[in-house]
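Each remark here refers to the structure printed beneath this line.
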Amino acid sequence: MKTKIRNIRLVTCAGDEVIEKGDILFDESGILDYGPDIETGTGLEVINGEGLTALPGLIDCHVHLGMDCSPDPFKQIAQDDESQTSHLARKQGQEFLEAGITTVRNLGTRYNADIKYRNAIKAGHATGPRIFAAGRPIVMTGGHGHVMAIEADGEAEIRKAARTQLKEGADLLKLMATGGVLTEGNEPGSTQLSEYELSCACQEAQNANKTTAAHAIGNEGIKNAIRAGVTTIEHAYLLDDEAVALMKEKGTFVVPTLIAPTLILDHTQGIPSYMIDQVTELIEEHRISFKMARAAGIPIASGTDAGTPYNYPGLLADELALYILEGMTNLEAIQSATITAAKTIKSDHILGSLEKGKKADIILVEGNPLENILALKEVRTVFLGGKSVYQKEKSLSTLRVGLST
Ligand SMILES: [Zn+2]
């Protein structure tokens with residue numbers, strides 16, 4: 001059945017378009033029309049959207065389904081069996097959806113549990129957001145996140161690991177270009193997979209028409225990953241002018257995950273001291289790097305690194321609040337979680353904006369996120385592919401004005 005939401009603020013993310021009092025019409029085939037006043041015909045459900053804002057479903061470009069957000073999540077990952085990981089991933093998938101995050105790009109989960117969850121959703125056996133799944137990351141022996149990864153060294157092993165992940169159904173490959181904060185004994189700034197190893201993985205992904213994401217904290221590792229041709233640089237703590245110029249030249253995206261280190265410093269209790277020390281050292285540089293990338297016009301797609309300490313599913317609006325604190329406008333921040341994010345998964349032709357013909361992934365939030373970004377946390381209703389998959393208790397029944405005849 002067709003649904004029309006009327007009298008609602010539309011932040012379409014088609015360019016800078018905002019319609020203060022508009023209508024949007026959609027069904028399970030996609031968005032049929034939108035505008036200040038649209039012709040809809042009869043036999044449809046009508047919802048009064050007064051006081052609400054409609055936006056494209058949000059996209060979190062960096063999550064870890066199956067990682068439990070505890071103070072030392074790699075310890076949990078090492079202990080959990082496949083069924084525990086899979087149950088946690090599904091619970092978290094639901095939490096993302098209820099927070100208005102209709103798509104997640106999953107960048108590392110043990111047992112390829114994210115790929116299997118995605119398949120279960122597609123088959124109709126499970127509910128959850130759209131998942132773009134990397135499955136197990138590819139790391140050097142002993143590299144960052146090795147508890148959930150495939151360890152591979154040298155061209156032959158890297159190609160084998162990349163092809164194995166693609167065979168398992170990965171939508172993209174996650175590569176570790178540097179050490180990381182969460183892995184004990186790792187120096188976050190140190191270079192890990194070499195530029196050549198990274199380029200072999202990128203080539204395998206490109207051959208299969210897939211994308212790549214590189215975890216990269218240290219400056220040299222960041223440059224290796226950009227030169228190797230990755231689609232996105234994750235975290236990007238230590239940029240310099242050369243790295244920014246390289247990204248510009250190569251069309252690389254940045255996914256900053258500013259909230260991940262922030263949460264570690266906000267909740268030090270129980271977090272191993274090596275994580276706190278490393279984050280303390282890096283956090284200022286991280287914010288400076290974010291500003292450098294933005295000033296140079298590097299596309300910034302939002303991601304939280306959900307699953308890391310205290311980084312629970314659904315904190316994307318808090319990530320955007322940090323972008324705004326560092327100089328973005330509210331609309332720019334919203335675009336980083338919608339249309340720009342859709343580009344990182346090469347899905348901007350079907351996701352990321354409210355336009356005719358796109359999938360009807362639509363969220364309704366209370367208030368105006370153009371004035372207060374945290375309004376994105378006040379989710380009333382979530383439509384995924386035109387179907388209502390979440391509504392805040394009793395909310396839709398009070399909004400619904402019934403069927404038009
Ligand atoms: Zn991560």
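Each chain in the structure tokens gets a letter, A, B and so on, in the order shown; residues start at 1 in every chain, and ligands are counted from 1 in the order they appear.
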
Residues of region 268-324 of chain A that have any atom at most 8 Å from an atom of region 367-382 of chain A: could you tabulate them with the shortest-distance atom pair and the distance in Å to one decimal, using only C-alpha atoms, ordered by chain and increasing number, as a Markdown table?
```
| residue | atom | partner | partner_atom | distance |
| --- | --- | --- | --- | --- |
| A:Ala317 | CA | A:Leu374 | CA | 5.9 |
| A:Asp318 | CA | A:Leu374 | CA | 7.1 |
| A:Leu320 | CA | A:Ile373 | CA | 7.3 |
| A:Ala321 | CA | A:Ile373 | CA | 6.4 |
```

Write the selection just made, keeping N, CA and C atoms, as a PDB file, in the first residue's frame?
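New file out15.pdb:
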```pdb
ATOM      1  N   ALA A 317      24.297  10.249  15.903  1.00  0.00           N
ATOM      2  CA  ALA A 317      24.006  11.684  16.081  1.00  0.00           C
ATOM      3  C   ALA A 317      25.063  12.344  16.956  1.00  0.00           C
ATOM      4  N   ASP A 318      25.591  11.586  17.927  1.00  0.00           N
ATOM      5  CA  ASP A 318      26.644  12.131  18.797  1.00  0.00           C
ATOM      6  C   ASP A 318      27.943  12.314  17.997  1.00  0.00           C
ATOM      7  N   LEU A 320      27.969  13.050  14.825  1.00  0.00           N
ATOM      8  CA  LEU A 320      27.718  14.250  14.009  1.00  0.00           C
ATOM      9  C   LEU A 320      27.865  15.518  14.849  1.00  0.00           C
ATOM     10  N   ALA A 321      27.474  15.430  16.117  1.00  0.00           N
ATOM     11  CA  ALA A 321      27.608  16.609  17.005  1.00  0.00           C
ATOM     12  C   ALA A 321      29.083  17.009  17.119  1.00  0.00           C
TER      13      ALA A 321
END
```

Around ligand 1, out to 7 Å and counting only C-alpha atoms and all ligand atoms, which residues are there? I want them as number ranges by chain. A: 62-64, 107-108, 305

Output N, CA and C atoms for every residue in that selection, as a PDB file, in the first residue's frame.
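Resulting contents of part.pdb:
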```
ATOM      1  N   HIS A  62      30.857   2.809   9.826  1.00  0.00           N
ATOM      2  CA  HIS A  62      31.907   2.032  10.503  1.00  0.00           C
ATOM      3  C   HIS A  62      31.339   1.440  11.783  1.00  0.00           C
ATOM      4  N   VAL A  63      30.934   0.188  11.708  1.00  0.00           N
ATOM      5  CA  VAL A  63      30.435  -0.498  12.905  1.00  0.00           C
ATOM      6  C   VAL A  63      31.053  -1.893  12.983  1.00  0.00           C
ATOM      7  N   HIS A  64      30.909  -2.491  14.163  1.00  0.00           N
ATOM      8  CA  HIS A  64      31.353  -3.878  14.371  1.00  0.00           C
ATOM      9  C   HIS A  64      30.222  -4.649  15.036  1.00  0.00           C
ATOM     10  N   LEU A 107      32.673  -3.205   9.474  1.00  0.00           N
ATOM     11  CA  LEU A 107      34.103  -3.282   9.133  1.00  0.00           C
ATOM     12  C   LEU A 107      34.889  -4.217  10.053  1.00  0.00           C
ATOM     13  N   GLY A 108      34.386  -5.411  10.205  1.00  0.00           N
ATOM     14  CA  GLY A 108      35.168  -6.394  10.947  1.00  0.00           C
ATOM     15  C   GLY A 108      34.347  -7.113  11.982  1.00  0.00           C
ATOM     16  N   ASP A 305      32.414   3.571  14.722  1.00  0.00           N
ATOM     17  CA  ASP A 305      33.217   2.467  15.282  1.00  0.00           C
ATOM     18  C   ASP A 305      32.457   1.782  16.412  1.00  0.00           C
TER      19      ASP A 305
END
```

- Item | Polymer residues at most 12 Å from region 322-332 of chain A, only C-alpha atoms, same-chain spacing of 6 or more positions, as number ranges by chain | A: 11-18, 55, 255-263, 284, 286-295, 297, 299-304, 315-316, 338-341, 368-376

Let me see the file: selected residues, N, CA and C atoms, as a short mmCIF file (atom, residue, chain, number, x, y, z; two decimals), in the first residue's frame.
```cif
data_model
loop_
_atom_site.label_atom_id
_atom_site.label_comp_id
_atom_site.auth_asym_id
_atom_site.auth_seq_id
_atom_site.Cartn_x
_atom_site.Cartn_y
_atom_site.Cartn_z
N VAL A 11 14.10 17.06 4.85
CA VAL A 11 15.53 17.31 4.61
C VAL A 11 15.94 16.21 3.65
N THR A 12 15.89 16.53 2.35
CA THR A 12 15.97 15.44 1.36
C THR A 12 17.39 14.94 1.15
N CYS A 13 18.39 15.80 1.43
CA CYS A 13 19.80 15.48 1.14
C CYS A 13 20.06 15.33 -0.36
N ALA A 14 19.11 15.80 -1.18
CA ALA A 14 19.36 15.98 -2.60
C ALA A 14 19.92 17.40 -2.69
N GLY A 15 21.22 17.51 -2.73
CA GLY A 15 21.85 18.83 -2.59
C GLY A 15 21.50 19.40 -1.22
N ASP A 16 21.25 20.70 -1.18
CA ASP A 16 20.95 21.34 0.11
C ASP A 16 19.45 21.53 0.31
N GLU A 17 18.66 20.78 -0.42
CA GLU A 17 17.22 21.01 -0.42
C GLU A 17 16.57 20.74 0.95
N VAL A 18 15.77 21.73 1.38
CA VAL A 18 14.94 21.55 2.58
C VAL A 18 13.56 22.11 2.23
N LEU A 55 13.81 12.44 7.01
CA LEU A 55 15.16 12.40 6.41
C LEU A 55 15.38 11.02 5.80
N VAL A 255 36.45 8.44 6.91
CA VAL A 255 35.43 8.11 7.91
C VAL A 255 36.08 8.34 9.28
N PRO A 256 35.80 9.50 9.91
CA PRO A 256 36.64 9.93 11.05
C PRO A 256 36.45 9.16 12.36
N THR A 257 35.25 8.69 12.67
CA THR A 257 34.98 8.00 13.96
C THR A 257 35.50 8.80 15.16
N LEU A 258 35.17 10.09 15.21
CA LEU A 258 35.67 10.93 16.30
C LEU A 258 35.16 10.48 17.67
N ILE A 259 34.00 9.83 17.67
CA ILE A 259 33.41 9.50 18.98
C ILE A 259 34.14 8.35 19.68
N ALA A 260 34.82 7.50 18.92
CA ALA A 260 35.42 6.30 19.53
C ALA A 260 36.48 6.68 20.58
N PRO A 261 37.47 7.52 20.26
CA PRO A 261 38.42 7.90 21.31
C PRO A 261 37.78 8.78 22.39
N THR A 262 36.81 9.58 21.99
CA THR A 262 36.13 10.44 22.97
C THR A 262 35.48 9.60 24.06
N LEU A 263 34.83 8.51 23.67
CA LEU A 263 34.15 7.66 24.65
C LEU A 263 35.15 6.95 25.56
N GLU A 284 43.96 15.03 20.14
CA GLU A 284 44.03 16.39 19.61
C GLU A 284 44.37 16.37 18.12
N HIS A 286 43.81 14.05 16.10
CA HIS A 286 42.65 13.51 15.38
C HIS A 286 41.70 14.63 14.96
N ARG A 287 41.41 15.51 15.90
CA ARG A 287 40.50 16.63 15.62
C ARG A 287 41.12 17.58 14.58
N ILE A 288 42.42 17.79 14.69
CA ILE A 288 43.11 18.68 13.72
C ILE A 288 43.04 18.04 12.32
N SER A 289 43.27 16.74 12.26
CA SER A 289 43.22 16.04 10.96
C SER A 289 41.82 16.13 10.35
N PHE A 290 40.80 16.00 11.19
CA PHE A 290 39.42 16.14 10.70
C PHE A 290 39.22 17.50 10.04
N LYS A 291 39.70 18.53 10.72
CA LYS A 291 39.52 19.90 10.19
C LYS A 291 40.30 20.09 8.89
N MET A 292 41.49 19.50 8.83
CA MET A 292 42.28 19.60 7.60
C MET A 292 41.55 18.95 6.42
N ALA A 293 41.01 17.77 6.66
CA ALA A 293 40.30 17.06 5.58
C ALA A 293 39.09 17.87 5.12
N ARG A 294 38.36 18.39 6.08
CA ARG A 294 37.15 19.16 5.73
C ARG A 294 37.52 20.43 4.95
N ALA A 295 38.54 21.11 5.43
CA ALA A 295 38.94 22.36 4.77
C ALA A 295 39.37 22.10 3.33
N GLY A 297 38.10 19.87 1.42
CA GLY A 297 36.98 19.35 0.63
C GLY A 297 37.02 17.85 0.41
N PRO A 299 35.71 14.28 0.88
CA PRO A 299 34.40 13.83 1.33
C PRO A 299 34.48 13.07 2.67
N ILE A 300 33.67 13.51 3.61
CA ILE A 300 33.67 12.90 4.95
C ILE A 300 32.35 12.15 5.14
N ALA A 301 32.49 10.85 5.36
CA ALA A 301 31.31 10.01 5.61
C ALA A 301 31.33 9.62 7.08
N SER A 302 30.16 9.63 7.71
CA SER A 302 30.15 9.43 9.16
C SER A 302 30.20 7.96 9.53
N GLY A 303 30.89 7.71 10.62
CA GLY A 303 30.95 6.35 11.17
C GLY A 303 31.34 6.46 12.62
N THR A 304 30.88 5.52 13.43
CA THR A 304 31.09 5.62 14.88
C THR A 304 32.15 4.68 15.43
N LEU A 315 24.79 5.76 18.26
CA LEU A 315 25.39 7.03 18.68
C LEU A 315 25.83 7.90 17.49
N LEU A 316 25.25 7.64 16.33
CA LEU A 316 25.68 8.38 15.15
C LEU A 316 25.43 9.89 15.29
N THR A 338 24.27 10.51 5.23
CA THR A 338 23.25 10.07 4.26
C THR A 338 23.89 9.96 2.86
N ILE A 339 23.89 11.04 2.11
CA ILE A 339 24.30 10.93 0.70
C ILE A 339 25.80 10.63 0.55
N THR A 340 26.64 11.28 1.39
CA THR A 340 28.08 10.99 1.28
C THR A 340 28.36 9.56 1.72
N ALA A 341 27.70 9.14 2.78
CA ALA A 341 27.87 7.76 3.26
C ALA A 341 27.44 6.77 2.18
N ASN A 368 13.74 19.61 14.91
CA ASN A 368 14.44 20.04 13.70
C ASN A 368 15.95 19.83 13.84
N PRO A 369 16.49 18.77 13.24
CA PRO A 369 17.93 18.51 13.36
C PRO A 369 18.80 19.57 12.68
N LEU A 370 18.20 20.45 11.87
CA LEU A 370 18.98 21.54 11.29
C LEU A 370 19.31 22.59 12.36
N GLU A 371 18.50 22.59 13.43
CA GLU A 371 18.77 23.51 14.54
C GLU A 371 19.48 22.79 15.69
N ASN A 372 19.07 21.55 15.93
CA ASN A 372 19.68 20.76 17.02
C ASN A 372 19.91 19.34 16.49
N ILE A 373 21.16 19.00 16.24
CA ILE A 373 21.48 17.72 15.60
C ILE A 373 20.99 16.54 16.44
N LEU A 374 20.90 16.75 17.76
CA LEU A 374 20.48 15.63 18.63
C LEU A 374 19.00 15.30 18.47
N ALA A 375 18.28 16.12 17.69
CA ALA A 375 16.90 15.74 17.33
C ALA A 375 16.90 14.41 16.57
N LEU A 376 18.03 14.07 15.96
CA LEU A 376 18.12 12.78 15.24
C LEU A 376 17.97 11.59 16.19
#
```

Give me the residues within 6 Å of Thr53 (chain A) as a list in words, counting only C-alpha atoms and dropping any in the same chain fewer than 4 places off. Ile8, Arg9, Leu10, Leu364 and Val365 of chain A

Q: List every residue of region 20-201 of chain A that DSSP, applied to the backbone of this structure, places in strand (DSSP E or B), and write the result as number ranges by chain.
A: A: 20-27, 30-35, 44-48, 52-56, 58-63, 101-106, 130-133, 138-139, 150-151, 172-176, 178, 191

Please write the residues from the selection above to a file, keeping C-alpha atoms, as a CSV table (one decimal), in the first residue's frame.
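Writing the result to again_3.csv gives the following:
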```csv
chain,number,residue,atom,x,y,z
A,20,GLU,CA,9.6,23.2,5.3
A,21,LYS,CA,6.0,22.0,4.8
A,22,GLY,CA,6.0,19.1,2.3
A,23,ASP,CA,4.6,15.8,1.5
A,24,ILE,CA,6.2,12.5,0.5
A,25,LEU,CA,4.6,9.5,-1.1
A,26,PHE,CA,6.1,6.1,-1.2
A,27,ASP,CA,5.5,2.4,-1.2
A,30,GLY,CA,10.4,3.2,-3.6
A,31,ILE,CA,9.8,6.9,-3.3
A,32,LEU,CA,7.1,7.9,-5.7
A,33,ASP,CA,7.0,11.6,-5.3
A,34,TYR,CA,7.7,14.5,-2.9
A,35,GLY,CA,7.3,18.2,-2.8
A,44,LEU,CA,-3.4,5.3,0.6
A,45,GLU,CA,-2.4,5.6,4.2
A,46,VAL,CA,-1.9,9.2,5.3
A,47,ILE,CA,0.2,10.3,8.2
A,48,ASN,CA,0.2,13.8,9.6
A,52,LEU,CA,8.4,16.2,12.6
A,53,THR,CA,11.3,16.1,10.2
A,54,ALA,CA,11.7,13.4,7.5
A,55,LEU,CA,15.2,12.4,6.4
A,56,PRO,CA,16.8,9.6,4.5
A,58,LEU,CA,20.9,7.2,8.3
A,59,ILE,CA,24.0,5.3,7.4
A,60,ASP,CA,26.7,4.4,9.9
A,61,CYS,CA,29.8,3.7,7.8
A,62,HIS,CA,31.9,2.0,10.5
A,63,VAL,CA,30.4,-0.5,12.9
A,101,ILE,CA,20.2,3.9,11.2
A,102,THR,CA,18.8,1.9,8.3
A,103,THR,CA,22.2,1.0,6.8
A,104,VAL,CA,25.4,-0.1,8.4
A,105,ARG,CA,28.8,-0.7,6.8
A,106,ASN,CA,30.3,-3.4,9.0
A,130,ARG,CA,20.8,-3.0,5.3
A,131,ILE,CA,24.3,-4.4,6.0
A,132,PHE,CA,27.3,-3.9,3.8
A,133,ALA,CA,29.6,-6.5,5.3
A,138,ILE,CA,42.7,-8.8,6.5
A,139,VAL,CA,45.7,-8.1,8.7
A,150,ILE,CA,42.6,-13.4,8.6
A,151,GLU,CA,46.3,-13.0,9.1
A,172,LEU,CA,33.9,-4.9,0.8
A,173,LEU,CA,37.4,-5.7,2.2
A,174,LYS,CA,38.6,-4.3,5.5
A,175,LEU,CA,42.4,-3.9,5.6
A,176,MET,CA,44.6,-2.9,8.5
A,178,THR,CA,48.5,0.5,10.8
A,191,THR,CA,52.8,0.8,9.7
```

I'd like the neighbourhood of Ala177 (chain A) as a list in words, where a residue qualifies if any of its atoms comes within 9 Å (using only C-alpha atoms), though same-chain residues fewer than 4 positions away should be ignored. Val139, Met140, His144, Ser190, Thr191, Gln192, Leu193, Ser194, Glu195, Leu198, Ala214, His215, Ala216, Ile217, Gly218, Glu220, Gly221, Ile222, Asn224 and Ala225 of chain A

What would the file look like if the residues just selected were written as a short mmCIF file (atom, residue, chain, number, x, y, z; two decimals), in the first residue's frame with C-alpha atoms?
```
data_model
loop_
_atom_site.label_atom_id
_atom_site.label_comp_id
_atom_site.auth_asym_id
_atom_site.auth_seq_id
_atom_site.Cartn_x
_atom_site.Cartn_y
_atom_site.Cartn_z
CA VAL A 139 45.70 -8.08 8.73
CA MET A 140 49.39 -8.87 8.87
CA HIS A 144 45.51 -4.91 14.65
CA SER A 190 53.00 1.95 13.25
CA THR A 191 52.77 0.81 9.66
CA GLN A 192 51.34 -2.69 9.19
CA LEU A 193 50.30 -4.04 5.76
CA SER A 194 52.69 -2.54 3.18
CA GLU A 195 51.59 -0.35 0.30
CA LEU A 198 47.33 -3.14 0.32
CA ALA A 214 41.61 0.80 5.48
CA HIS A 215 42.03 1.23 9.20
CA ALA A 216 44.80 3.87 9.29
CA ILE A 217 46.04 5.89 12.24
CA GLY A 218 49.72 6.65 11.54
CA GLU A 220 52.82 6.61 6.71
CA GLY A 221 50.14 3.91 6.84
CA ILE A 222 47.52 6.44 5.77
CA ASN A 224 50.31 3.74 1.88
CA ALA A 225 46.57 3.04 1.88
#
```

Worksheet entry | Between CA of Leu182 (chain A) and CA of Tyr117 (chain A) - distance in Å to one decimal |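 About the pair CA of Tyr117 (chain A) and CA of Leu182 (chain A): they are 24.7 Å apart.
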
Next on the checklist: Set the distance at 7 Å and use only C-alpha atoms: which residues neighbour Glu95 (chain A) once local chain neighbours fewer than 3 positions away are removed? I'd like the list as a PyMOL selection string.
Outcome noted: chain A and resi 91-92+98-99+313-314

Just the selected residues (C-alpha atoms), exported as a tab-separated table (two decimals), in the first residue's frame, please.
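As a result, part09.tsv now contains:
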```tsv
chain	number	residue	atom	x	y	z
A	91	LYS	CA	20.47	-7.77	18.72
A	92	GLN	CA	22.67	-4.83	17.75
A	98	GLU	CA	15.48	1.62	16.10
A	99	ALA	CA	17.96	4.51	16.23
A	313	PRO	CA	24.73	1.08	18.56
A	314	GLY	CA	22.90	4.29	17.76
```
